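Undergrad: Sharing model.txt here; it has compact mmCIF, C-alpha atoms.
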# COMPACT_ATOMS: atom_id res chain seq x y z
CA MET A 773 57.68 -22.62 51.20
CA LEU A 774 59.19 -23.43 54.58
CA ALA A 775 56.65 -26.18 55.22
CA ILE A 776 57.13 -27.74 51.77
CA GLY A 777 60.90 -27.26 51.88
CA ASN A 778 61.28 -29.03 55.23
CA LEU A 779 59.00 -31.82 53.98
CA ILE A 780 61.11 -32.32 50.84
CA THR A 781 64.29 -32.26 52.95
CA SER A 782 62.91 -34.99 55.21
CA ILE A 783 62.36 -37.36 52.27
CA ALA A 784 65.10 -36.21 49.85
CA PRO A 785 67.07 -39.18 48.42
CA ASN A 786 70.27 -37.22 47.70
CA TYR A 787 72.35 -34.23 48.74
CA PRO A 788 71.87 -32.04 45.58
CA LEU A 789 68.09 -32.06 46.14
CA ILE A 790 68.55 -31.08 49.80
CA LEU A 791 70.95 -28.29 48.81
CA GLY A 792 68.59 -26.92 46.16
CA THR A 793 65.65 -27.08 48.56
CA ARG A 794 67.54 -25.21 51.27
CA LEU A 795 68.46 -22.53 48.72
CA ILE A 796 64.78 -21.97 47.91
CA MET A 797 63.95 -21.90 51.61
CA GLY A 798 66.61 -19.22 52.02
CA PHE A 799 64.67 -17.19 49.46
CA ALA A 800 61.56 -17.53 51.61
CA SER A 801 63.53 -16.41 54.66
CA GLY A 802 64.74 -13.34 52.75
CA VAL A 803 61.15 -12.43 51.84
CA PHE A 804 60.21 -12.60 55.52
CA TRP A 805 63.07 -10.30 56.55
CA ALA A 806 62.03 -7.76 53.92
CA ILE A 807 58.46 -7.53 55.24
CA GLY A 808 58.27 -9.16 58.69
CA VAL A 809 59.50 -6.24 60.78
CA THR A 810 57.47 -3.63 58.95
CA MET A 811 54.35 -5.83 59.31
CA ALA A 812 54.80 -5.88 63.08
CA MET A 813 55.37 -2.12 63.18
CA ARG A 814 52.21 -1.46 61.15
CA ILE A 815 49.95 -3.72 63.22
CA VAL A 816 50.48 -1.73 66.45
CA PRO A 817 49.92 1.97 67.23
CA GLU A 818 52.80 4.22 66.13
CA GLU A 819 54.07 4.80 69.65
CA HIS A 820 54.68 1.05 70.05
CA ALA A 821 56.33 0.47 66.66
CA ASN A 822 59.87 0.12 67.97
CA ARG A 823 58.79 -2.31 70.68
CA ALA A 824 56.97 -4.38 68.06
CA ALA A 825 60.16 -4.55 66.02
CA ALA A 826 62.03 -5.59 69.18
CA VAL A 827 59.56 -8.45 69.74
CA VAL A 828 60.11 -9.73 66.20
CA MET A 829 63.89 -9.50 66.51
CA SER A 830 63.92 -11.17 69.93
CA GLY A 831 61.94 -14.04 68.41
CA ILE A 832 64.98 -14.83 66.27
CA SER A 833 67.25 -14.81 69.32
CA ILE A 834 64.91 -17.03 71.33
CA ALA A 835 64.49 -19.43 68.41
CA THR A 836 68.27 -19.66 68.10
CA VAL A 837 68.54 -20.58 71.78
CA VAL A 838 65.71 -23.12 71.72
CA GLY A 839 65.77 -24.40 68.14
CA ILE A 840 69.25 -25.89 67.87
CA PRO A 841 69.17 -27.82 71.18
CA LEU A 842 65.62 -28.95 70.46
CA GLY A 843 66.60 -30.13 66.98
CA THR A 844 69.56 -32.02 68.45
CA LEU A 845 67.29 -33.63 71.04
CA LEU A 846 64.74 -34.70 68.44
CA GLU A 847 67.47 -36.09 66.19
CA SER A 848 68.95 -38.12 69.04
CA ALA A 849 65.50 -39.50 69.90
CA GLY A 850 64.74 -40.45 66.30
CA ASP A 851 66.64 -39.42 63.19
CA TRP A 852 67.33 -36.24 61.21
CA ARG A 853 64.56 -36.95 58.67
CA THR A 854 61.96 -37.11 61.43
CA THR A 855 63.28 -33.83 62.80
CA PHE A 856 62.75 -32.04 59.47
CA LEU A 857 59.30 -33.62 59.19
CA ILE A 858 58.42 -32.09 62.58
CA TRP A 859 59.74 -28.69 61.44
CA SER A 860 57.55 -29.01 58.35
CA ALA A 861 54.49 -29.56 60.55
CA LEU A 862 55.43 -26.58 62.74
CA SER A 863 55.81 -24.40 59.65
CA ALA A 864 52.32 -25.45 58.53
CA VAL A 865 50.97 -24.49 61.97
CA VAL A 866 52.59 -21.06 61.61
CA LEU A 867 51.05 -20.69 58.14
CA ILE A 868 47.58 -21.33 59.57
CA ALA A 869 48.19 -18.99 62.52
CA VAL A 870 49.31 -16.18 60.20
CA ALA A 871 46.34 -16.71 57.89
CA VAL A 872 43.89 -16.60 60.80
CA THR A 873 45.37 -13.84 62.98
CA VAL A 874 47.39 -11.39 60.85
CA PRO A 875 45.24 -8.77 59.12
CA SER A 876 45.60 -7.88 55.47
CA LEU A 877 48.43 -5.37 55.13
CA PRO A 878 48.65 -4.26 51.49
CA SER A 879 51.74 -2.19 50.79
CA ALA A 880 51.13 1.54 50.74
CA ASN A 881 54.51 2.33 49.15
CA ALA A 882 55.32 -0.43 46.66
CA VAL A 883 57.94 0.45 44.06
CA SER A 884 59.28 -1.31 40.98
CA VAL A 885 62.37 -3.50 41.10
CA ARG A 886 64.32 -0.89 39.13
CA GLU A 887 63.39 1.77 41.68
CA VAL A 888 64.47 -0.47 44.54
CA PHE A 889 68.03 -0.66 43.23
CA THR A 890 68.20 3.06 42.46
CA LEU A 891 67.11 4.07 45.97
CA PRO A 892 70.67 4.19 47.39
CA LEU A 893 71.76 6.31 44.42
CA LYS A 894 69.07 8.90 45.13
CA ASN A 895 68.99 8.67 48.93
CA VAL A 896 72.33 9.58 50.50
CA GLN A 897 71.19 8.73 54.04
CA LEU A 898 70.06 5.26 52.98
CA ARG A 899 73.34 4.72 51.17
CA VAL A 900 75.28 5.55 54.32
CA VAL A 901 73.08 3.22 56.40
CA LEU A 902 73.65 0.35 53.96
CA ILE A 903 77.42 0.90 54.12
CA MET A 904 77.21 0.79 57.92
CA VAL A 905 75.20 -2.44 57.71
CA VAL A 906 77.89 -3.96 55.45
CA PHE A 907 80.67 -3.05 57.92
CA PHE A 908 78.67 -4.17 60.96
CA VAL A 909 77.51 -7.51 59.53
CA LEU A 910 80.86 -8.40 57.94
CA GLY A 911 82.62 -7.68 61.21
CA HIS A 912 80.15 -9.34 63.54
CA PHE A 913 79.55 -12.55 61.61
CA GLY A 914 83.17 -12.77 60.49
CA ALA A 915 84.22 -12.96 64.15
CA TYR A 916 81.17 -14.73 65.62
CA THR A 917 81.37 -17.58 63.12
CA PHE A 918 84.77 -18.51 64.56
CA VAL A 919 83.99 -18.20 68.27
CA ARG A 920 83.99 -21.98 68.69
CA PRO A 921 87.43 -22.66 67.12
CA TYR A 922 88.85 -19.63 68.97
CA LEU A 923 87.61 -20.94 72.33
CA GLU A 924 88.81 -24.46 71.54
CA GLU A 925 92.24 -23.09 70.72
CA SER A 926 92.58 -20.52 73.51
CA THR A 927 90.80 -22.22 76.43
CA SER A 928 90.54 -25.87 75.35
CA ALA A 929 86.78 -25.38 75.78
CA THR A 930 84.56 -28.44 75.68
CA ALA A 931 81.55 -28.74 73.41
CA GLY A 932 79.27 -28.38 76.45
CA PHE A 933 80.89 -25.12 77.55
CA ILE A 934 80.73 -23.71 74.02
CA THR A 935 77.02 -24.56 73.87
CA VAL A 936 76.50 -22.64 77.11
CA VAL A 937 78.45 -19.68 75.72
CA LEU A 938 76.36 -19.54 72.54
CA ILE A 939 73.12 -19.81 74.53
CA VAL A 940 74.30 -16.96 76.79
CA PHE A 941 75.05 -14.88 73.69
CA CYS A 942 71.60 -15.50 72.20
CA ILE A 943 69.82 -14.72 75.47
CA GLY A 944 71.85 -11.53 75.65
CA GLY A 945 70.74 -10.72 72.10
CA ALA A 946 67.07 -11.13 73.02
CA VAL A 947 67.49 -8.88 76.08
CA GLY A 948 69.41 -6.39 73.92
CA ASN A 949 66.50 -6.27 71.47
CA PHE A 950 64.15 -5.19 74.24
CA ILE A 951 66.66 -2.67 75.60
CA GLY A 952 66.99 -1.25 72.11
CA GLY A 953 63.20 -1.05 71.84
CA HIS A 954 63.35 1.59 74.58
CA THR A 955 66.62 3.37 73.77
CA VAL A 956 66.07 3.99 70.05
CA ASN A 957 63.10 6.19 70.92
CA LYS A 958 65.41 8.40 72.97
CA SER A 959 68.44 8.38 70.67
CA LEU A 960 68.65 6.20 67.58
CA ARG A 961 72.12 7.40 66.69
CA GLY A 962 73.31 7.06 70.30
CA SER A 963 71.90 3.53 70.58
CA PHE A 964 73.86 2.39 67.53
CA ILE A 965 77.08 4.10 68.64
CA VAL A 966 76.98 2.86 72.25
CA GLY A 967 75.94 -0.63 71.18
CA GLY A 968 78.65 -0.66 68.53
CA LEU A 969 81.31 0.47 71.01
CA ILE A 970 80.35 -2.39 73.33
CA MET A 971 80.48 -4.75 70.35
CA VAL A 972 84.03 -3.53 69.71
CA ALA A 973 85.00 -3.84 73.39
CA SER A 974 83.52 -7.33 73.87
CA PRO A 975 85.80 -9.18 71.42
CA VAL A 976 88.74 -7.22 72.87
CA LEU A 977 87.73 -8.57 76.28
CA LEU A 978 87.48 -12.04 74.75
CA LEU A 979 91.05 -11.71 73.50
CA THR A 980 92.42 -10.37 76.80
CA ILE A 981 90.52 -12.32 79.47
CA GLY A 982 89.21 -15.13 77.28
CA ALA A 983 91.57 -17.68 78.74
CA ASN A 984 89.33 -17.62 81.82
CA LYS A 985 85.88 -19.19 81.46
CA VAL A 986 84.25 -16.48 83.58
CA GLY A 987 85.86 -13.90 81.30
CA VAL A 988 84.44 -15.67 78.26
CA ILE A 989 80.92 -15.60 79.73
CA ILE A 990 81.22 -11.88 80.56
CA ALA A 991 82.56 -11.00 77.11
CA MET A 992 79.93 -13.03 75.24
CA THR A 993 77.08 -11.71 77.39
CA LEU A 994 78.10 -8.11 76.63
CA TRP A 995 78.55 -8.99 72.97
CA GLY A 996 75.05 -10.48 72.78
CA LEU A 997 73.43 -7.51 74.55
CA ALA A 998 75.18 -5.02 72.29
CA PHE A 999 74.36 -7.02 69.16
CA GLY A 1000 70.66 -6.95 70.08
CA VAL A 1001 70.73 -3.15 70.44
CA VAL A 1002 72.72 -2.56 67.25
CA GLN A 1003 70.55 -4.99 65.29
CA LEU A 1004 67.37 -3.13 66.20
CA SER A 1005 69.06 0.24 65.69
CA GLN A 1006 70.11 -0.53 62.13
CA ILE A 1007 66.55 -1.52 61.21
CA ASN A 1008 65.25 1.77 62.61
CA MET A 1009 68.04 3.61 60.79
CA THR A 1010 66.79 2.06 57.54
CA LEU A 1011 63.26 3.19 58.37
CA SER A 1012 64.47 6.68 59.26
CA ALA A 1013 66.44 6.94 56.00
CA ALA A 1014 63.54 5.89 53.75
CA PRO A 1015 60.22 6.17 55.63
CA GLN A 1016 58.20 6.36 52.41
CA GLN A 1017 59.89 3.33 50.83
CA PHE A 1018 60.60 1.30 53.96
CA GLU A 1019 59.73 -2.12 52.51
CA ALA A 1020 61.91 -1.49 49.45
CA ALA A 1021 64.72 -0.21 51.68
CA MET A 1022 64.39 -3.25 53.94
CA SER A 1023 64.71 -5.55 50.92
CA LEU A 1024 68.07 -3.89 50.18
CA ASN A 1025 68.98 -4.13 53.85
CA THR A 1026 68.14 -7.85 53.84
CA MET A 1027 70.12 -8.47 50.66
CA ALA A 1028 73.17 -6.66 52.07
CA TYR A 1029 72.79 -8.40 55.45
CA ASN A 1030 72.54 -11.96 54.12
CA THR A 1031 75.28 -11.44 51.53
CA CYS A 1032 77.62 -10.10 54.21
CA ILE A 1033 76.87 -13.02 56.54
CA ALA A 1034 78.25 -15.33 53.85
CA LEU A 1035 81.13 -13.02 52.93
CA GLY A 1036 82.01 -12.48 56.59
CA ALA A 1037 82.31 -16.22 57.13
CA LEU A 1038 84.31 -16.61 53.90
CA ILE A 1039 86.75 -13.79 54.69
CA GLY A 1040 86.99 -14.98 58.29
CA GLY A 1041 87.87 -18.45 57.03
CA LEU A 1042 90.66 -17.05 54.88
CA PHE A 1043 92.07 -15.13 57.86
CA ALA A 1044 91.81 -18.22 60.07
CA ASP A 1045 93.58 -20.41 57.51
CA HIS A 1046 96.42 -18.03 56.68
CA VAL A 1047 96.92 -15.86 59.79
CA GLY A 1048 95.25 -17.65 62.68
CA VAL A 1049 91.88 -17.75 64.42
CA SER A 1050 92.67 -14.75 66.64
CA SER A 1051 93.06 -12.61 63.52
CA VAL A 1052 89.39 -13.23 62.68
CA VAL A 1053 88.39 -11.63 65.99
CA TRP A 1054 90.52 -8.58 65.16
CA PHE A 1055 88.93 -8.48 61.71
CA GLY A 1056 85.52 -8.22 63.40
CA ILE A 1057 86.71 -5.53 65.80
CA VAL A 1058 88.03 -3.34 62.97
CA LEU A 1059 84.93 -3.68 60.77
CA VAL A 1060 82.45 -2.94 63.56
CA ALA A 1061 84.63 0.01 64.62
CA LEU A 1062 84.39 1.38 61.07
CA ALA A 1063 80.58 1.17 61.26
CA VAL A 1064 80.62 3.07 64.58
CA ILE A 1065 82.95 5.75 63.17
CA LEU A 1066 80.74 6.19 60.11
CA ARG A 1067 77.64 6.54 62.31
CA SER A 1068 79.49 9.01 64.57
CA VAL A 1069 80.34 11.39 61.74
CA THR A 1070 76.97 11.20 59.94
CA GLY A 1071 73.29 11.59 60.74
CA ARG A 1072 73.51 13.96 63.68
CA GLY A 1073 70.12 14.68 65.16
CA THR A 1074 68.41 11.83 63.34
CA ALA A 1075 65.41 10.46 65.23
CA PRO A 1076 63.54 7.25 64.52
CA ALA A 1077 60.98 7.78 61.80
CA ARG A 1078 57.35 6.82 62.14
Please re-express this file's structure in structure tokens.

TA:
Amino acid sequence: MLAIGNLITSIAPNYPLILGTRLIMGFASGVFWAIGVTMAMRIVPEEHANRAAAVVMSGISIATVVGIPLGTLLESAGDWRTTFLIWSALSAVVLIAVAVTVPSLPSANAVSVREVFTLPLKNVQLRVVLIMVVFFVLGHFGAYTFVRPYLEESTSATAGFITVVLIVFCIGGAVGNFIGGHTVNKSLRGSFIVGGLIMVASPVLLLTIGANKVGVIIAMTLWGLAFGVVQLSQINMTLSAAPQQFEAAMSLNTMAYNTCIALGALIGGLFADHVGVSSVVWFGIVLVALAVILRSVTGRGTAPAR
């Protein structure tokens, strides 16, 4: 779907076709998120499951760092249609690589669609995890979406400096994924709480010392590191809450995550329009803090499931 979608985008004669194609490609991305992490965790021995998840998650961070600048470079050397044509070819290469190298992994715990949506009603722990995911994602993406306008307003940052800041954040996220791969084995609950506290402190730092470019780099580096740890922790929390229905639980996790990315940006935009860009950062601080508080008062003694 990604290969065909990028191909159609590269030759699409109008915007509605491009928009519809990207919507279908988003569906494909959602399918990957529902099964990709659990596939990685099942391929390796149990003792390496968390590290395997960290590798998958860090791939997203690395792709974010490399993909956008590479796409910009390709577009400047040719045009945007050629760029999407190249992405289509790369997607086809990935398809072949997966078909050749990834073993068959039939689901051992498939459930019906009706059962998927009743899981949070029956499973209190999963319900709490999903609420934490909603708070965390709304807060993070609500604030992160508006980092650029905040920096432009508060520091008169140039486009080049903002690009550096976003790359630093993404590199921090990749490193945080690997740190989380080690810490969740020792304390899953502690990893989420500590990572979440740093995610709360980082935007506060951005607000207080963000007028200084060095301060911005420090704040965004810490934010990226903490995000990587919390991101991996919430996936393991989902696994721990529903080890026998992990794929179904991850589909709910993915739905909540992607919905809250959009809602976070929407709510953040309303705050930015009516209160000011700085208010969006405070919105993120409050929401992530709520996720940390909820984790702090629930799930004591919970260890990562296998």

Undergrad: Compare A:Met773, A:Ile790, A:Val901, A:Leu978 by their minimum atom-to-atom distance to A:Ser1005, counting only C-alpha atoms, and give me the closest one.

TA: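 Residue with the minimum atom-to-atom distance to A:Ser1005: A:Val901.
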
Undergrad: Edge lengths and centre in Å to one decimal, as lines of an AutoDock Vina configuration file, of the axis-aligned box that encloses all listed atoms of stretch 905-917 of chain A with 6 Å added on every side?

TA:
center_x = 79.7
center_y = -10.0
center_z = 60.5
size_x = 21.0
size_y = 27.1
size_z = 22.2

Undergrad: In the coordinate frame of the file, compute which residues have an atom within 10 Å of (59.4, -9.2, 58.4) when using only C-alpha atoms, and state them as a ChimeraX atom specification.

TA: /A:801-813,825,828-829,1019,1022-1023,1026

Undergrad: Around the point (90.0, -22.6, 60.3) (coordinates from the file), which residues reach within 12 Å if we count all atoms listed in the file? Answer as a PyMOL selection string.

TA: chain A and resi 914-915+917-922+924-925+1037-1052

Undergrad: For the residues in that selection, give me C-alpha atoms as a PDB file, in the frame of the given file.

TA:
ATOM      1  CA  GLY A 914      83.170 -12.770  60.490  1.00  0.00           C
ATOM      2  CA  ALA A 915      84.220 -12.960  64.150  1.00  0.00           C
ATOM      3  CA  THR A 917      81.370 -17.580  63.120  1.00  0.00           C
ATOM      4  CA  PHE A 918      84.770 -18.510  64.560  1.00  0.00           C
ATOM      5  CA  VAL A 919      83.990 -18.200  68.270  1.00  0.00           C
ATOM      6  CA  ARG A 920      83.990 -21.980  68.690  1.00  0.00           C
ATOM      7  CA  PRO A 921      87.430 -22.660  67.120  1.00  0.00           C
ATOM      8  CA  TYR A 922      88.850 -19.630  68.970  1.00  0.00           C
ATOM      9  CA  GLU A 924      88.810 -24.460  71.540  1.00  0.00           C
ATOM     10  CA  GLU A 925      92.240 -23.090  70.720  1.00  0.00           C
ATOM     11  CA  ALA A1037      82.310 -16.220  57.130  1.00  0.00           C
ATOM     12  CA  LEU A1038      84.310 -16.610  53.900  1.00  0.00           C
ATOM     13  CA  ILE A1039      86.750 -13.790  54.690  1.00  0.00           C
ATOM     14  CA  GLY A1040      86.990 -14.980  58.290  1.00  0.00           C
ATOM     15  CA  GLY A1041      87.870 -18.450  57.030  1.00  0.00           C
ATOM     16  CA  LEU A1042      90.660 -17.050  54.880  1.00  0.00           C
ATOM     17  CA  PHE A1043      92.070 -15.130  57.860  1.00  0.00           C
ATOM     18  CA  ALA A1044      91.810 -18.220  60.070  1.00  0.00           C
ATOM     19  CA  ASP A1045      93.580 -20.410  57.510  1.00  0.00           C
ATOM     20  CA  HIS A1046      96.420 -18.030  56.680  1.00  0.00           C
ATOM     21  CA  VAL A1047      96.920 -15.860  59.790  1.00  0.00           C
ATOM     22  CA  GLY A1048      95.250 -17.650  62.680  1.00  0.00           C
ATOM     23  CA  VAL A1049      91.880 -17.750  64.420  1.00  0.00           C
ATOM     24  CA  SER A1050      92.670 -14.750  66.640  1.00  0.00           C
ATOM     25  CA  SER A1051      93.060 -12.610  63.520  1.00  0.00           C
ATOM     26  CA  VAL A1052      89.390 -13.230  62.680  1.00  0.00           C
TER      27      VAL A1052
END

Undergrad: From the list A:Ile989, A:Phe1018, A:Gly911, A:Val1001, which residue is nearest A:Val1058 when using all atoms listed in the file?

TA: A:Gly911

Undergrad: Identify which of the residues A:Met1009, A:Val956, A:Phe999, A:Leu977 lies closest to A:Arg823, counting all atoms listed in the file when measuring atom-to-atom distances.

TA: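 Selected residue with least distance to A:Arg823: A:Val956.
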
Undergrad: Using only C-alpha atoms for the distances, tell me which of A:Ala1020, A:Ala871, A:Ala1061, A:Leu1066 is nearest to A:Thr890.

TA: A:Ala1020

Undergrad: What's the separation between atom CA of A:Asn949 and atom CA of A:Ala826, in Å to one decimal place?

TA: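 Computing the Euclidean distance for atom CA of A:Asn949 and atom CA of A:Ala826 yields 5.1 Å.
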
Undergrad: Using only C-alpha atoms, pick whichever of A:Gly945, A:Gly952, A:Leu923, A:Phe908 has the shortest atom-to-atom distance to A:Val1064.

TA: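 Smallest distance to A:Val1064 is found for A:Phe908.
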
Undergrad: Which residues, written as a list in words, have at least one atom at most 12 Å from A:Ala864, with only C-alpha atoms counted and residues fewer than 5 positions away on the same chain left out?

TA: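 So the residues in contact are Met773, Leu774, Ala775, Ile776, Gly777, Asn778, Leu779, Leu857, Ile858, Trp859, Ala869, Val870 and Ala871 of chain A.
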
Undergrad: Considering all atoms listed in the file, state which residue in the set A:Val838, A:Val827, A:Leu898, A:Val883 is at the smallest distance from A:Val947.

TA: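 The shortest atom-to-atom distance to A:Val947 comes from A:Val827.
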
Undergrad: One decimal, Å: what's the distance from atom CA of A:Ala946 over to atom CA of A:Ala824, could you say?

TA: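 Computing the Euclidean distance for atom CA of A:Ala946 and atom CA of A:Ala824 yields 13.1 Å.
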
Undergrad: Kindly give the distance, in Å, that separates atom CA of A:Met992 and atom CA of A:Ala931, rounded to a single decimal.

TA: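 Spanning atom CA of A:Met992 to atom CA of A:Ala931 is a straight-line distance of 15.9 Å.
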
Undergrad: Can we get stretch 871-891 of chain A of that structure written down with N, CA, C and O atoms, as a PDB file, in the first residue's frame?

TA:
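Heads up, here's the output in decode.pdb:
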ATOM      1  N   ALA A 871       9.368  -9.832   2.726  1.00  0.00           N
ATOM      2  CA  ALA A 871       8.922 -11.130   2.206  1.00  0.00           C
ATOM      3  C   ALA A 871      10.029 -12.171   2.268  1.00  0.00           C
ATOM      4  O   ALA A 871       9.778 -13.359   2.530  1.00  0.00           O
ATOM      5  N   VAL A 872      11.266 -11.744   2.059  1.00  0.00           N
ATOM      6  CA  VAL A 872      12.389 -12.687   2.019  1.00  0.00           C
ATOM      7  C   VAL A 872      12.920 -13.022   3.407  1.00  0.00           C
ATOM      8  O   VAL A 872      13.271 -14.173   3.682  1.00  0.00           O
ATOM      9  N   THR A 873      12.952 -12.028   4.314  1.00  0.00           N
ATOM     10  CA  THR A 873      13.669 -12.222   5.578  1.00  0.00           C
ATOM     11  C   THR A 873      12.794 -12.463   6.801  1.00  0.00           C
ATOM     12  O   THR A 873      13.215 -13.134   7.746  1.00  0.00           O
ATOM     13  N   VAL A 874      11.578 -11.913   6.832  1.00  0.00           N
ATOM     14  CA  VAL A 874      10.748 -12.043   8.037  1.00  0.00           C
ATOM     15  C   VAL A 874       9.986 -13.361   7.992  1.00  0.00           C
ATOM     16  O   VAL A 874       9.285 -13.642   7.014  1.00  0.00           O
ATOM     17  N   PRO A 875      10.112 -14.177   9.040  1.00  0.00           N
ATOM     18  CA  PRO A 875       9.408 -15.463   9.039  1.00  0.00           C
ATOM     19  C   PRO A 875       7.901 -15.284   9.193  1.00  0.00           C
ATOM     20  O   PRO A 875       7.424 -14.214   9.593  1.00  0.00           O
ATOM     21  N   SER A 876       7.180 -16.332   8.879  1.00  0.00           N
ATOM     22  CA  SER A 876       5.731 -16.316   9.078  1.00  0.00           C
ATOM     23  C   SER A 876       5.435 -16.232  10.567  1.00  0.00           C
ATOM     24  O   SER A 876       5.987 -16.985  11.365  1.00  0.00           O
ATOM     25  N   LEU A 877       4.566 -15.294  10.933  1.00  0.00           N
ATOM     26  CA  LEU A 877       4.253 -15.094  12.355  1.00  0.00           C
ATOM     27  C   LEU A 877       2.734 -15.044  12.542  1.00  0.00           C
ATOM     28  O   LEU A 877       2.166 -13.996  12.847  1.00  0.00           O
ATOM     29  N   PRO A 878       2.058 -16.170  12.349  1.00  0.00           N
ATOM     30  CA  PRO A 878       0.603 -16.161  12.530  1.00  0.00           C
ATOM     31  C   PRO A 878       0.245 -15.797  13.964  1.00  0.00           C
ATOM     32  O   PRO A 878       0.937 -16.176  14.907  1.00  0.00           O
ATOM     33  N   SER A 879      -0.821 -15.027  14.117  1.00  0.00           N
ATOM     34  CA  SER A 879      -1.228 -14.583  15.442  1.00  0.00           C
ATOM     35  C   SER A 879      -1.677 -15.762  16.288  1.00  0.00           C
ATOM     36  O   SER A 879      -2.430 -16.629  15.840  1.00  0.00           O
ATOM     37  N   ALA A 880      -1.184 -15.768  17.526  1.00  0.00           N
ATOM     38  CA  ALA A 880      -1.570 -16.832  18.462  1.00  0.00           C
ATOM     39  C   ALA A 880      -2.718 -16.382  19.357  1.00  0.00           C
ATOM     40  O   ALA A 880      -3.217 -17.154  20.166  1.00  0.00           O
ATOM     41  N   ASN A 881      -3.134 -15.102  19.239  1.00  0.00           N
ATOM     42  CA  ASN A 881      -4.168 -14.600  20.150  1.00  0.00           C
ATOM     43  C   ASN A 881      -5.147 -13.666  19.437  1.00  0.00           C
ATOM     44  O   ASN A 881      -5.552 -12.650  19.994  1.00  0.00           O
ATOM     45  N   ALA A 882      -5.496 -13.998  18.201  1.00  0.00           N
ATOM     46  CA  ALA A 882      -6.421 -13.156  17.443  1.00  0.00           C
ATOM     47  C   ALA A 882      -7.792 -13.137  18.099  1.00  0.00           C
ATOM     48  O   ALA A 882      -8.267 -14.149  18.624  1.00  0.00           O
ATOM     49  N   VAL A 883      -8.425 -11.972  18.093  1.00  0.00           N
ATOM     50  CA  VAL A 883      -9.765 -11.831  18.649  1.00  0.00           C
ATOM     51  C   VAL A 883     -10.632 -11.095  17.639  1.00  0.00           C
ATOM     52  O   VAL A 883     -10.136 -10.452  16.714  1.00  0.00           O
ATOM     53  N   SER A 884     -11.940 -11.176  17.816  1.00  0.00           N
ATOM     54  CA  SER A 884     -12.856 -10.504  16.900  1.00  0.00           C
ATOM     55  C   SER A 884     -12.825  -9.004  17.129  1.00  0.00           C
ATOM     56  O   SER A 884     -12.358  -8.518  18.166  1.00  0.00           O
ATOM     57  N   VAL A 885     -13.335  -8.260  16.140  1.00  0.00           N
ATOM     58  CA  VAL A 885     -13.374  -6.801  16.262  1.00  0.00           C
ATOM     59  C   VAL A 885     -14.189  -6.383  17.479  1.00  0.00           C
ATOM     60  O   VAL A 885     -13.809  -5.467  18.221  1.00  0.00           O
ATOM     61  N   ARG A 886     -15.306  -7.060  17.705  1.00  0.00           N
ATOM     62  CA  ARG A 886     -16.141  -6.716  18.871  1.00  0.00           C
ATOM     63  C   ARG A 886     -15.352  -6.892  20.166  1.00  0.00           C
ATOM     64  O   ARG A 886     -15.412  -6.044  21.061  1.00  0.00           O
ATOM     65  N   GLU A 887     -14.586  -7.978  20.261  1.00  0.00           N
ATOM     66  CA  GLU A 887     -13.791  -8.220  21.458  1.00  0.00           C
ATOM     67  C   GLU A 887     -12.698  -7.174  21.641  1.00  0.00           C
ATOM     68  O   GLU A 887     -12.367  -6.810  22.773  1.00  0.00           O
ATOM     69  N   VAL A 888     -12.154  -6.697  20.530  1.00  0.00           N
ATOM     70  CA  VAL A 888     -11.115  -5.666  20.625  1.00  0.00           C
ATOM     71  C   VAL A 888     -11.651  -4.449  21.372  1.00  0.00           C
ATOM     72  O   VAL A 888     -11.009  -3.924  22.291  1.00  0.00           O
ATOM     73  N   PHE A 889     -12.840  -3.998  20.997  1.00  0.00           N
ATOM     74  CA  PHE A 889     -13.381  -2.772  21.587  1.00  0.00           C
ATOM     75  C   PHE A 889     -13.957  -2.988  22.981  1.00  0.00           C
ATOM     76  O   PHE A 889     -14.215  -2.018  23.703  1.00  0.00           O
ATOM     77  N   THR A 890     -14.157  -4.243  23.376  1.00  0.00           N
ATOM     78  CA  THR A 890     -14.631  -4.493  24.739  1.00  0.00           C
ATOM     79  C   THR A 890     -13.479  -4.771  25.706  1.00  0.00           C
ATOM     80  O   THR A 890     -13.706  -4.845  26.915  1.00  0.00           O
ATOM     81  N   LEU A 891     -12.260  -4.900  25.176  1.00  0.00           N
ATOM     82  CA  LEU A 891     -11.109  -5.173  26.046  1.00  0.00           C
ATOM     83  C   LEU A 891     -10.961  -4.143  27.165  1.00  0.00           C
ATOM     84  O   LEU A 891     -10.772  -4.512  28.328  1.00  0.00           O
TER      85      LEU A 891
END
